[in-house]
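Dropping input_7.pdb in here (PDB, C-alpha atoms):
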ATOM      1  CA  MET A   1     -13.763  -6.389  24.689  1.00  0.00           C
ATOM      2  CA  ILE A   2     -13.484  -2.840  23.382  1.00  0.00           C
ATOM      3  CA  ALA A   3     -10.264  -1.714  21.666  1.00  0.00           C
ATOM      4  CA  LEU A   4      -9.153   1.788  20.730  1.00  0.00           C
ATOM      5  CA  ILE A   5      -7.506   2.102  17.284  1.00  0.00           C
ATOM      6  CA  GLU A   6      -5.345   5.132  16.431  1.00  0.00           C
ATOM      7  CA  ASN A   7      -6.604   6.680  19.697  1.00  0.00           C
ATOM      8  CA  LYS A   8      -9.922   7.606  18.089  1.00  0.00           C
ATOM      9  CA  TYR A   9     -11.797   4.526  16.791  1.00  0.00           C
ATOM     10  CA  GLU A  10     -13.546   2.197  19.211  1.00  0.00           C
ATOM     11  CA  ILE A  11     -14.197  -1.367  18.047  1.00  0.00           C
ATOM     12  CA  ASP A  12     -15.734  -4.365  19.771  1.00  0.00           C
ATOM     13  CA  LEU A  13     -13.256  -7.240  19.357  1.00  0.00           C
ATOM     14  CA  SER A  14     -15.967  -9.735  20.335  1.00  0.00           C
ATOM     15  CA  LYS A  15     -17.884  -8.967  17.101  1.00  0.00           C
ATOM     16  CA  PRO A  16     -15.591  -9.746  14.154  1.00  0.00           C
ATOM     17  CA  ILE A  17     -16.974  -9.766  10.599  1.00  0.00           C
ATOM     18  CA  ASP A  18     -15.067 -12.357   8.586  1.00  0.00           C
ATOM     19  CA  ILE A  19     -14.941 -11.615   4.832  1.00  0.00           C
ATOM     20  CA  SER A  20     -12.621 -14.487   3.903  1.00  0.00           C
ATOM     21  CA  ILE A  21     -13.575 -17.708   2.127  1.00  0.00           C
ATOM     22  CA  PRO A  22     -12.483 -20.940   3.874  1.00  0.00           C
ATOM     23  CA  LEU A  23     -10.110 -23.268   2.037  1.00  0.00           C
ATOM     24  CA  SER A  24     -11.190 -26.902   1.779  1.00  0.00           C
ATOM     25  CA  ASN A  25     -10.480 -29.979  -0.303  1.00  0.00           C
ATOM     26  CA  THR A  26     -14.063 -30.221  -1.524  1.00  0.00           C
ATOM     27  CA  ASP A  27     -15.850 -29.225  -4.700  1.00  0.00           C
ATOM     28  CA  LYS A  28     -17.240 -26.242  -2.772  1.00  0.00           C
ATOM     29  CA  ASN A  29     -13.825 -24.574  -2.738  1.00  0.00           C
ATOM     30  CA  PRO A  30     -13.582 -21.671  -5.208  1.00  0.00           C
ATOM     31  CA  ILE A  31     -11.065 -22.099  -8.024  1.00  0.00           C
ATOM     32  CA  ALA A  32      -9.410 -19.792 -10.526  1.00  0.00           C
ATOM     33  CA  TRP A  33      -6.603 -19.966 -13.087  1.00  0.00           C
ATOM     34  CA  TYR A  34      -7.314 -23.424 -14.499  1.00  0.00           C
ATOM     35  CA  ILE A  35      -6.081 -25.489 -11.557  1.00  0.00           C
ATOM     36  CA  GLU A  36      -7.685 -28.326  -9.613  1.00  0.00           C
ATOM     37  CA  LYS A  37      -9.143 -28.106  -6.102  1.00  0.00           C
ATOM     38  CA  PRO A  38      -6.774 -28.092  -3.080  1.00  0.00           C
ATOM     39  CA  LYS A  39      -5.544 -31.313  -1.506  1.00  0.00           C
ATOM     40  CA  ILE A  40      -5.658 -31.911   2.235  1.00  0.00           C
ATOM     41  CA  GLU A  41      -4.550 -35.451   3.023  1.00  0.00           C
ATOM     42  CA  PRO A  42      -2.761 -37.355   5.790  1.00  0.00           C
ATOM     43  CA  VAL A  43       0.958 -38.092   5.626  1.00  0.00           C
ATOM     44  CA  VAL A  44       1.687 -41.752   4.861  1.00  0.00           C
ATOM     45  CA  PHE A  45       4.898 -43.540   5.943  1.00  0.00           C
ATOM     46  CA  GLY A  46       4.590 -47.163   4.868  1.00  0.00           C
ATOM     47  CA  ASP A  47       1.756 -48.624   6.931  1.00  0.00           C
ATOM     48  CA  TRP A  48       1.481 -45.510   9.105  1.00  0.00           C
ATOM     49  CA  ILE A  49      -1.244 -42.971   8.200  1.00  0.00           C
ATOM     50  CA  GLY A  50      -1.427 -39.622   9.956  1.00  0.00           C
ATOM     51  CA  LYS A  51      -5.088 -39.900  10.831  1.00  0.00           C
ATOM     52  CA  VAL A  52      -6.619 -40.738  14.212  1.00  0.00           C
ATOM     53  CA  SER A  53      -9.492 -42.632  12.622  1.00  0.00           C
ATOM     54  CA  GLU A  54      -6.877 -44.864  10.924  1.00  0.00           C
ATOM     55  CA  GLY A  55      -5.141 -45.675  14.206  1.00  0.00           C
ATOM     56  CA  SER A  56      -2.643 -42.817  14.542  1.00  0.00           C
ATOM     57  CA  SER A  57      -2.332 -40.784  17.736  1.00  0.00           C
ATOM     58  CA  THR A  58      -2.628 -37.519  15.763  1.00  0.00           C
ATOM     59  CA  ASN A  59      -4.085 -36.038  12.608  1.00  0.00           C
ATOM     60  CA  PHE A  60      -1.057 -35.038  10.497  1.00  0.00           C
ATOM     61  CA  ASN A  61      -2.050 -33.592   7.128  1.00  0.00           C
ATOM     62  CA  ASN A  62      -0.200 -32.251   4.131  1.00  0.00           C
ATOM     63  CA  ILE A  63      -1.917 -29.341   2.379  1.00  0.00           C
ATOM     64  CA  PHE A  64      -1.326 -28.570  -1.298  1.00  0.00           C
ATOM     65  CA  PHE A  65      -2.887 -25.364  -2.578  1.00  0.00           C
ATOM     66  CA  ASN A  66      -2.221 -22.254  -4.630  1.00  0.00           C
ATOM     67  CA  PRO A  67      -2.878 -18.961  -2.815  1.00  0.00           C
ATOM     68  CA  HIS A  68      -3.821 -17.125  -6.010  1.00  0.00           C
ATOM     69  CA  GLY A  69      -6.253 -19.743  -7.264  1.00  0.00           C
ATOM     70  CA  HIS A  70      -7.797 -21.340  -4.190  1.00  0.00           C
ATOM     71  CA  GLY A  71      -9.499 -18.636  -2.186  1.00  0.00           C
ATOM     72  CA  THR A  72      -8.967 -15.448  -0.229  1.00  0.00           C
ATOM     73  CA  HIS A  73      -5.381 -14.273  -0.533  1.00  0.00           C
ATOM     74  CA  THR A  74      -3.301 -11.140  -0.097  1.00  0.00           C
ATOM     75  CA  GLU A  75      -0.487 -10.316  -2.493  1.00  0.00           C
ATOM     76  CA  CYS A  76       2.316  -7.769  -2.726  1.00  0.00           C
ATOM     77  CA  LEU A  77       3.943  -6.297  -5.832  1.00  0.00           C
ATOM     78  CA  GLY A  78       6.264  -9.326  -5.908  1.00  0.00           C
ATOM     79  CA  HIS A  79       3.378 -10.984  -7.729  1.00  0.00           C
ATOM     80  CA  ILE A  80       4.368  -9.153 -10.922  1.00  0.00           C
ATOM     81  CA  THR A  81       8.059  -8.241 -10.512  1.00  0.00           C
ATOM     82  CA  ARG A  82      11.182 -10.050 -11.683  1.00  0.00           C
ATOM     83  CA  GLU A  83      12.884  -9.377  -8.354  1.00  0.00           C
ATOM     84  CA  PHE A  84      11.543 -11.361  -5.397  1.00  0.00           C
ATOM     85  CA  TYR A  85       9.374  -9.547  -2.869  1.00  0.00           C
ATOM     86  CA  SER A  86       7.564 -11.309  -0.040  1.00  0.00           C
ATOM     87  CA  ILE A  87       4.149 -10.459   1.349  1.00  0.00           C
ATOM     88  CA  ASN A  88       5.571 -11.353   4.767  1.00  0.00           C
ATOM     89  CA  GLN A  89       8.151  -8.577   4.425  1.00  0.00           C
ATOM     90  CA  CYS A  90       5.936  -6.001   2.691  1.00  0.00           C
ATOM     91  CA  LEU A  91       2.956  -6.146   5.049  1.00  0.00           C
ATOM     92  CA  LYS A  92       4.081  -5.082   8.522  1.00  0.00           C
ATOM     93  CA  GLN A  93       0.929  -3.408   9.906  1.00  0.00           C
ATOM     94  CA  PHE A  94      -2.390  -5.172  10.217  1.00  0.00           C
ATOM     95  CA  PHE A  95      -5.086  -2.737  11.387  1.00  0.00           C
ATOM     96  CA  PHE A  96      -6.436  -0.141   8.950  1.00  0.00           C
ATOM     97  CA  THR A  97      -9.354   2.182   8.412  1.00  0.00           C
ATOM     98  CA  ALA A  98     -11.451   0.780   5.559  1.00  0.00           C
ATOM     99  CA  GLU A  99     -14.338   1.792   3.341  1.00  0.00           C
ATOM    100  CA  LEU A 100     -16.727  -0.812   1.915  1.00  0.00           C
ATOM    101  CA  ILE A 101     -18.505   0.034  -1.345  1.00  0.00           C
ATOM    102  CA  SER A 102     -20.798  -1.986  -3.623  1.00  0.00           C
ATOM    103  CA  ILE A 103     -20.620  -1.650  -7.405  1.00  0.00           C
ATOM    104  CA  THR A 104     -22.407  -3.232 -10.362  1.00  0.00           C
ATOM    105  CA  PRO A 105     -19.728  -3.527 -13.083  1.00  0.00           C
ATOM    106  CA  GLU A 106     -20.517  -1.851 -16.409  1.00  0.00           C
ATOM    107  CA  ASP A 107     -20.841  -3.772 -19.668  1.00  0.00           C
ATOM    108  CA  ILE A 108     -18.034  -2.425 -21.875  1.00  0.00           C
ATOM    109  CA  ASN A 109     -17.541  -4.215 -25.192  1.00  0.00           C
ATOM    110  CA  GLY A 110     -18.842  -7.457 -23.721  1.00  0.00           C
ATOM    111  CA  ASP A 111     -16.724  -7.299 -20.558  1.00  0.00           C
ATOM    112  CA  LEU A 112     -17.950  -6.371 -17.080  1.00  0.00           C
ATOM    113  CA  VAL A 113     -15.710  -3.564 -15.852  1.00  0.00           C
ATOM    114  CA  ILE A 114     -15.475  -1.510 -12.651  1.00  0.00           C
ATOM    115  CA  THR A 115     -14.790   2.080 -13.699  1.00  0.00           C
ATOM    116  CA  LYS A 116     -13.232   5.123 -12.069  1.00  0.00           C
ATOM    117  CA  ASN A 117     -16.531   7.002 -12.234  1.00  0.00           C
ATOM    118  CA  GLN A 118     -18.349   4.232 -10.367  1.00  0.00           C
ATOM    119  CA  ILE A 119     -15.777   4.263  -7.571  1.00  0.00           C
ATOM    120  CA  GLU A 120     -15.890   8.065  -7.303  1.00  0.00           C
ATOM    121  CA  ILE A 121     -19.670   7.986  -6.986  1.00  0.00           C
ATOM    122  CA  ALA A 122     -19.622   5.146  -4.440  1.00  0.00           C
ATOM    123  CA  LEU A 123     -17.068   6.978  -2.307  1.00  0.00           C
ATOM    124  CA  HIS A 124     -18.868  10.315  -2.742  1.00  0.00           C
ATOM    125  CA  LYS A 125     -15.568  11.878  -3.788  1.00  0.00           C
ATOM    126  CA  ASP A 126     -14.298  13.965  -6.654  1.00  0.00           C
ATOM    127  CA  SER A 127     -10.817  13.756  -8.131  1.00  0.00           C
ATOM    128  CA  THR A 128      -9.513  16.587  -5.920  1.00  0.00           C
ATOM    129  CA  ASP A 129     -10.520  14.937  -2.649  1.00  0.00           C
ATOM    130  CA  ALA A 130      -7.352  13.401  -1.175  1.00  0.00           C
ATOM    131  CA  GLU A 131      -8.855  12.080   2.051  1.00  0.00           C
ATOM    132  CA  THR A 132      -9.559   8.380   2.099  1.00  0.00           C
ATOM    133  CA  SER A 133      -9.349   5.294   4.296  1.00  0.00           C
ATOM    134  CA  SER A 134      -6.212   3.163   4.218  1.00  0.00           C
ATOM    135  CA  ALA A 135      -8.164   0.273   2.700  1.00  0.00           C
ATOM    136  CA  LEU A 136     -10.868   0.046   0.047  1.00  0.00           C
ATOM    137  CA  ILE A 137     -13.163  -2.984  -0.109  1.00  0.00           C
ATOM    138  CA  ILE A 138     -15.160  -3.526  -3.310  1.00  0.00           C
ATOM    139  CA  ARG A 139     -18.206  -5.799  -3.293  1.00  0.00           C
ATOM    140  CA  THR A 140     -19.512  -6.494  -6.801  1.00  0.00           C
ATOM    141  CA  LEU A 141     -23.202  -6.826  -7.552  1.00  0.00           C
ATOM    142  CA  PRO A 142     -25.097  -9.049  -7.897  1.00  0.00           C
ATOM    143  CA  ASN A 143     -23.592 -10.490  -4.723  1.00  0.00           C
ATOM    144  CA  LEU A 144     -24.323 -14.160  -5.311  1.00  0.00           C
ATOM    145  CA  GLU A 145     -23.564 -16.894  -2.766  1.00  0.00           C
ATOM    146  CA  SER A 146     -22.001 -18.837  -5.651  1.00  0.00           C
ATOM    147  CA  LYS A 147     -18.919 -16.594  -5.360  1.00  0.00           C
ATOM    148  CA  LYS A 148     -17.881 -18.769  -2.411  1.00  0.00           C
ATOM    149  CA  HIS A 149     -17.858 -21.922  -4.540  1.00  0.00           C
ATOM    150  CA  LYS A 150     -17.393 -20.749  -8.125  1.00  0.00           C
ATOM    151  CA  ASN A 151     -14.925 -22.145 -10.649  1.00  0.00           C
ATOM    152  CA  TYR A 152     -13.854 -18.886 -12.310  1.00  0.00           C
ATOM    153  CA  SER A 153     -11.597 -20.483 -14.907  1.00  0.00           C
ATOM    154  CA  LYS A 154     -12.465 -19.465 -18.474  1.00  0.00           C
ATOM    155  CA  THR A 155     -15.428 -17.317 -17.364  1.00  0.00           C
ATOM    156  CA  ASN A 156     -13.909 -13.841 -17.941  1.00  0.00           C
ATOM    157  CA  PRO A 157     -14.990 -12.413 -14.563  1.00  0.00           C
ATOM    158  CA  PRO A 158     -15.425  -8.664 -13.984  1.00  0.00           C
ATOM    159  CA  TYR A 159     -12.280  -6.603 -13.396  1.00  0.00           C
ATOM    160  CA  LEU A 160     -10.982  -3.087 -12.708  1.00  0.00           C
ATOM    161  CA  SER A 161     -10.225  -0.648 -15.484  1.00  0.00           C
ATOM    162  CA  GLU A 162      -6.700   0.750 -15.496  1.00  0.00           C
ATOM    163  CA  GLU A 163      -8.154   4.212 -14.930  1.00  0.00           C
ATOM    164  CA  ALA A 164      -9.999   2.953 -11.834  1.00  0.00           C
ATOM    165  CA  ALA A 165      -6.815   1.407 -10.425  1.00  0.00           C
ATOM    166  CA  ILE A 166      -4.900   4.641 -11.003  1.00  0.00           C
ATOM    167  CA  TYR A 167      -7.636   6.575  -9.199  1.00  0.00           C
ATOM    168  CA  ILE A 168      -7.572   4.162  -6.252  1.00  0.00           C
ATOM    169  CA  ARG A 169      -3.820   4.692  -6.002  1.00  0.00           C
ATOM    170  CA  GLU A 170      -4.053   8.460  -6.355  1.00  0.00           C
ATOM    171  CA  ILE A 171      -6.568   8.875  -3.512  1.00  0.00           C
ATOM    172  CA  GLY A 172      -4.088   7.140  -1.217  1.00  0.00           C
ATOM    173  CA  THR A 173      -5.578   3.657  -0.860  1.00  0.00           C
ATOM    174  CA  GLN A 174      -2.876   1.344   0.455  1.00  0.00           C
ATOM    175  CA  HIS A 175      -4.826  -1.897   0.620  1.00  0.00           C
ATOM    176  CA  LEU A 176      -7.369  -2.954  -1.992  1.00  0.00           C
ATOM    177  CA  LEU A 177      -9.761  -5.839  -1.353  1.00  0.00           C
ATOM    178  CA  ILE A 178     -12.138  -7.252  -3.957  1.00  0.00           C
ATOM    179  CA  ASP A 179     -14.482 -10.247  -4.298  1.00  0.00           C
ATOM    180  CA  LEU A 180     -13.064 -11.312  -7.675  1.00  0.00           C
ATOM    181  CA  PRO A 181     -10.196 -13.668  -8.591  1.00  0.00           C
ATOM    182  CA  SER A 182      -8.202 -10.756 -10.002  1.00  0.00           C
ATOM    183  CA  VAL A 183      -8.276  -6.986 -10.409  1.00  0.00           C
ATOM    184  CA  ASP A 184      -7.284  -7.621 -14.042  1.00  0.00           C
ATOM    185  CA  ARG A 185      -8.952  -9.309 -16.984  1.00  0.00           C
ATOM    186  CA  GLU A 186      -8.611 -13.106 -16.962  1.00  0.00           C
ATOM    187  CA  GLU A 187      -6.871 -13.108 -20.344  1.00  0.00           C
ATOM    188  CA  ASP A 188      -5.097  -9.819 -20.997  1.00  0.00           C
ATOM    189  CA  GLU A 189      -1.909 -10.909 -22.814  1.00  0.00           C
ATOM    190  CA  GLY A 190       0.073 -10.456 -19.606  1.00  0.00           C
ATOM    191  CA  LYS A 191      -0.502  -6.689 -19.456  1.00  0.00           C
ATOM    192  CA  LEU A 192      -1.764  -6.682 -15.839  1.00  0.00           C
ATOM    193  CA  LEU A 193      -2.719  -3.035 -16.192  1.00  0.00           C
ATOM    194  CA  ALA A 194      -4.641  -2.707 -12.918  1.00  0.00           C
ATOM    195  CA  HIS A 195      -1.990  -4.498 -10.846  1.00  0.00           C
ATOM    196  CA  LYS A 196       0.740  -2.283 -12.284  1.00  0.00           C
ATOM    197  CA  ALA A 197      -1.317   0.887 -11.871  1.00  0.00           C
ATOM    198  CA  PHE A 198      -2.194   0.163  -8.232  1.00  0.00           C
ATOM    199  CA  TRP A 199       1.387  -0.669  -7.238  1.00  0.00           C
ATOM    200  CA  ASN A 200       2.802   2.053  -9.515  1.00  0.00           C
ATOM    201  CA  VAL A 201       5.093  -0.462 -11.207  1.00  0.00           C
ATOM    202  CA  LYS A 202       6.444   0.973 -14.443  1.00  0.00           C
ATOM    203  CA  ASP A 203       8.903  -1.804 -15.354  1.00  0.00           C
ATOM    204  CA  VAL A 204       8.606  -5.283 -13.858  1.00  0.00           C
ATOM    205  CA  ASN A 205      12.267  -5.995 -14.681  1.00  0.00           C
ATOM    206  CA  ASN A 206      13.688  -2.849 -13.052  1.00  0.00           C
ATOM    207  CA  LEU A 207      11.541  -1.598 -10.189  1.00  0.00           C
ATOM    208  CA  ASN A 208      11.098   2.168  -9.979  1.00  0.00           C
ATOM    209  CA  ASP A 209      11.898   3.975  -6.703  1.00  0.00           C
ATOM    210  CA  ASP A 210       8.305   5.138  -6.202  1.00  0.00           C
ATOM    211  CA  ALA A 211       6.736   1.683  -6.549  1.00  0.00           C
ATOM    212  CA  ARG A 212       4.392   0.963  -3.631  1.00  0.00           C
ATOM    213  CA  LEU A 213       6.199  -1.776  -1.707  1.00  0.00           C
ATOM    214  CA  SER A 214       3.975  -1.699   1.383  1.00  0.00           C
ATOM    215  CA  CYS A 215       0.654  -1.807  -0.482  1.00  0.00           C
ATOM    216  CA  THR A 216      -1.393  -4.963  -0.998  1.00  0.00           C
ATOM    217  CA  ILE A 217      -4.185  -6.432  -3.082  1.00  0.00           C
ATOM    218  CA  THR A 218      -6.538  -8.994  -1.548  1.00  0.00           C
ATOM    219  CA  GLU A 219      -8.692 -11.025  -3.930  1.00  0.00           C
ATOM    220  CA  MET A 220     -11.512 -13.580  -3.664  1.00  0.00           C
ATOM    221  CA  ILE A 221     -13.145 -12.219  -0.519  1.00  0.00           C
ATOM    222  CA  PHE A 222     -16.871 -12.537   0.135  1.00  0.00           C
ATOM    223  CA  VAL A 223     -18.911  -9.803   1.816  1.00  0.00           C
ATOM    224  CA  GLU A 224     -22.316 -10.996   3.003  1.00  0.00           C
ATOM    225  CA  GLU A 225     -25.435  -9.035   2.036  1.00  0.00           C
ATOM    226  CA  THR A 226     -26.079  -8.207   5.682  1.00  0.00           C
ATOM    227  CA  ILE A 227     -22.855  -6.161   5.862  1.00  0.00           C
ATOM    228  CA  GLN A 228     -23.659  -2.550   5.009  1.00  0.00           C
ATOM    229  CA  ASP A 229     -21.514  -0.240   2.906  1.00  0.00           C
ATOM    230  CA  GLY A 230     -19.593   2.234   5.009  1.00  0.00           C
ATOM    231  CA  SER A 231     -16.587   2.697   7.264  1.00  0.00           C
ATOM    232  CA  TYR A 232     -14.907  -0.097   9.239  1.00  0.00           C
ATOM    233  CA  ILE A 233     -11.661  -1.082  10.876  1.00  0.00           C
ATOM    234  CA  LEU A 234      -9.923  -3.837   8.919  1.00  0.00           C
ATOM    235  CA  ASN A 235      -7.645  -6.439  10.480  1.00  0.00           C
ATOM    236  CA  LEU A 236      -5.759  -7.982   7.564  1.00  0.00           C
ATOM    237  CA  GLN A 237      -4.319 -11.302   8.713  1.00  0.00           C
ATOM    238  CA  ILE A 238      -1.852 -13.360   6.666  1.00  0.00           C
ATOM    239  CA  ALA A 239       0.217 -16.484   7.203  1.00  0.00           C
ATOM    240  CA  SER A 240       3.969 -15.851   7.447  1.00  0.00           C
ATOM    241  CA  PHE A 241       4.867 -17.171   4.004  1.00  0.00           C
ATOM    242  CA  GLU A 242       7.999 -15.868   2.285  1.00  0.00           C
ATOM    243  CA  ASN A 243       6.112 -15.718  -0.995  1.00  0.00           C
ATOM    244  CA  ASP A 244       4.515 -13.054  -3.154  1.00  0.00           C
ATOM    245  CA  ALA A 245       1.110 -14.017  -1.735  1.00  0.00           C
ATOM    246  CA  SER A 246      -0.408 -15.697   1.283  1.00  0.00           C
ATOM    247  CA  PRO A 247      -3.838 -17.059   2.119  1.00  0.00           C
ATOM    248  CA  SER A 248      -5.430 -14.393   4.276  1.00  0.00           C
ATOM    249  CA  LYS A 249      -8.257 -13.686   6.681  1.00  0.00           C
ATOM    250  CA  PRO A 250      -9.515 -10.104   6.449  1.00  0.00           C
ATOM    251  CA  ILE A 251     -11.718  -9.237   9.413  1.00  0.00           C
ATOM    252  CA  LEU A 252     -13.910  -6.135   9.677  1.00  0.00           C
ATOM    253  CA  TYR A 253     -15.046  -4.374  12.838  1.00  0.00           C
ATOM    254  CA  LYS A 254     -17.811  -1.824  13.068  1.00  0.00           C
ATOM    255  CA  ILE A 255     -16.630   1.546  14.308  1.00  0.00           C
TER     256      ILE A 255
END
Take the structure I supplied and represent it as structure tokens, if you would.
Amino acid sequence: MIALIENKYEIDLSKPIDISIPLSNTDKNPIAWYIEKPKIEPVVFGDWIGKVSEGSSTNFNNIFFNPHGHGTHTECLGHITREFYSINQCLKQFFFTAELISITPEDINGDLVITKNQIEIALHKDSTDAETSSALIIRTLPNLESKKHKNYSKTNPPYLSEEAAIYIREIGTQHLLIDLPSVDREEDEGKLLAHKAFWNVKDVNNLNDDARLSCTITEMIFVEETIQDGSYILNLQIASFENDASPSKPILYKI
């Protein structure tokens, strides 16, 4: 099936490119932020177990997970603000133009950092170029399969510099997707410089009028090697959680 997006982009809906990581209750599930793996287990009422193989008529599972620490998730600025904001209320459109770039983070004082200059070069832009896709997808190199199963806790993964996050905001990117557990340093004394820069949040206790309420950050994606850098249409799917973040399923389509 062919669909027309914004009356100018044709995509083949029968050829989705899934860049999410599945959530499971196994040791293969990625983990961040010092938590344990997710739990998916049948409901138990006395002798009754919600599992067909145990004699029930249905499989009836509880799922316990953390969206930030257990896989691909999309978050709104409510992730860092005192006032409650929900991803379900902030994200109201789901198809976007997107640009995929690949970057090898630079070693800066022992940390691996994605810089503004690297993003400019990858996008073939200079600081005066205001045209950009609605979404930016960053694949870090080396692009190891272990990203899909890695326990990131206490590993100090790569992250975005504040300057890079400001640049991404200034070129008009509304939705940022990255294959890391966070756009910020794992331990940064709560500064969250890249989050604040991207959402233009100046004070987490008193939100400024020009904060970017409709913009999102999606973390812990995985972009296969076979997917080439370039322009795509992104379908950013979330579950309807009234929470700062939701597990998500970003899907790309070739234009």
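By chain and then residue number, the residues within 9 Å of A:Ser161 are Val113, Ile114, Thr115, Lys116, Ala165, Ile166, Val183, Asp184, Arg185, Leu193 and Ala194 of chain A, counting all atoms listed in the file and disregarding those fewer than 4 positions away in sequence.
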Name every residue that the PyMOL selection byres ((chain A and resi 21-35) around 8) selects in this structure, writing the answer as number ranges by chain with chains first and numbers rising.
A: 19-20, 36-40, 68-72, 147-154, 181, 220-222
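Excluding A:Ile2 itself and same-chain residues fewer than 6 positions from it, the residues having an atom within 12 Å of it are Tyr9, Glu10, Ile11, Asp12, Leu13, Ser14, Lys15, Pro16, Tyr253, Lys254 and Ile255 of chain A, counting all atoms listed in the file.
Nearest to A:Asn208 of all the residues A:Asp229, A:Ser146, A:Lys196, A:Ile17 is A:Lys196, based on all atoms listed in the file.
The result of the PyMOL selection byres ((chain A and resi 86-99) around 7) on the shown file is Glu75, Cys76, Gly78, Phe84, Tyr85, Leu100, Ile101, Ser133, Ser134, Ala135, Leu136, Ile137, Leu213, Ser214, Gly230, Ser231, Tyr232, Ile233, Leu234, Asn235, Leu236, Gln237, Ser240, Phe241, Glu242, Asn243, Asp244, Ala245 and Ser246 of chain A.
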Residues as selected, C-alpha atoms, written as an mmCIF file, in the frame of the given file, can you do that?
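For reference, again.cif as written:
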data_model
loop_
_atom_site.group_PDB
_atom_site.id
_atom_site.type_symbol
_atom_site.label_atom_id
_atom_site.label_comp_id
_atom_site.auth_asym_id
_atom_site.auth_seq_id
_atom_site.Cartn_x
_atom_site.Cartn_y
_atom_site.Cartn_z
ATOM 1 C CA GLU A 75 -0.487 -10.316 -2.493
ATOM 2 C CA CYS A 76 2.316 -7.769 -2.726
ATOM 3 C CA GLY A 78 6.264 -9.326 -5.908
ATOM 4 C CA PHE A 84 11.543 -11.361 -5.397
ATOM 5 C CA TYR A 85 9.374 -9.547 -2.869
ATOM 6 C CA LEU A 100 -16.727 -0.812 1.915
ATOM 7 C CA ILE A 101 -18.505 0.034 -1.345
ATOM 8 C CA SER A 133 -9.349 5.294 4.296
ATOM 9 C CA SER A 134 -6.212 3.163 4.218
ATOM 10 C CA ALA A 135 -8.164 0.273 2.700
ATOM 11 C CA LEU A 136 -10.868 0.046 0.047
ATOM 12 C CA ILE A 137 -13.163 -2.984 -0.109
ATOM 13 C CA LEU A 213 6.199 -1.776 -1.707
ATOM 14 C CA SER A 214 3.975 -1.699 1.383
ATOM 15 C CA GLY A 230 -19.593 2.234 5.009
ATOM 16 C CA SER A 231 -16.587 2.697 7.264
ATOM 17 C CA TYR A 232 -14.907 -0.097 9.239
ATOM 18 C CA ILE A 233 -11.661 -1.082 10.876
ATOM 19 C CA LEU A 234 -9.923 -3.837 8.919
ATOM 20 C CA ASN A 235 -7.645 -6.439 10.480
ATOM 21 C CA LEU A 236 -5.759 -7.982 7.564
ATOM 22 C CA GLN A 237 -4.319 -11.302 8.713
ATOM 23 C CA SER A 240 3.969 -15.851 7.447
ATOM 24 C CA PHE A 241 4.867 -17.171 4.004
ATOM 25 C CA GLU A 242 7.999 -15.868 2.285
ATOM 26 C CA ASN A 243 6.112 -15.718 -0.995
ATOM 27 C CA ASP A 244 4.515 -13.054 -3.154
ATOM 28 C CA ALA A 245 1.110 -14.017 -1.735
ATOM 29 C CA SER A 246 -0.408 -15.697 1.283
#
Residue neighbourhood A:Gly172, 7 Å, all atoms listed in the file, exclusion window fewer than 3 positions, as an MDAnalysis selection string
chainID A and resid 132 168:169
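Put simply, atom CA of A:Glu187 is 10.9 Å away from atom CA of A:Tyr159.
Between atom CA of A:Thr104 and atom CA of A:His73 the interatomic distance comes to 22.5 Å.
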Selection under test: the PyMOL selection byres ((chain A and resi 203) around 12); residues as a list in words:
Leu77, Ile80, Thr81, Arg82, Glu83, Lys191, Leu192, Leu193, Lys196, Ala197, Trp199, Asn200, Val201, Lys202, Val204, Asn205, Asn206, Leu207, Asn208, Asp209, Asp210 and Ala211 of chain A
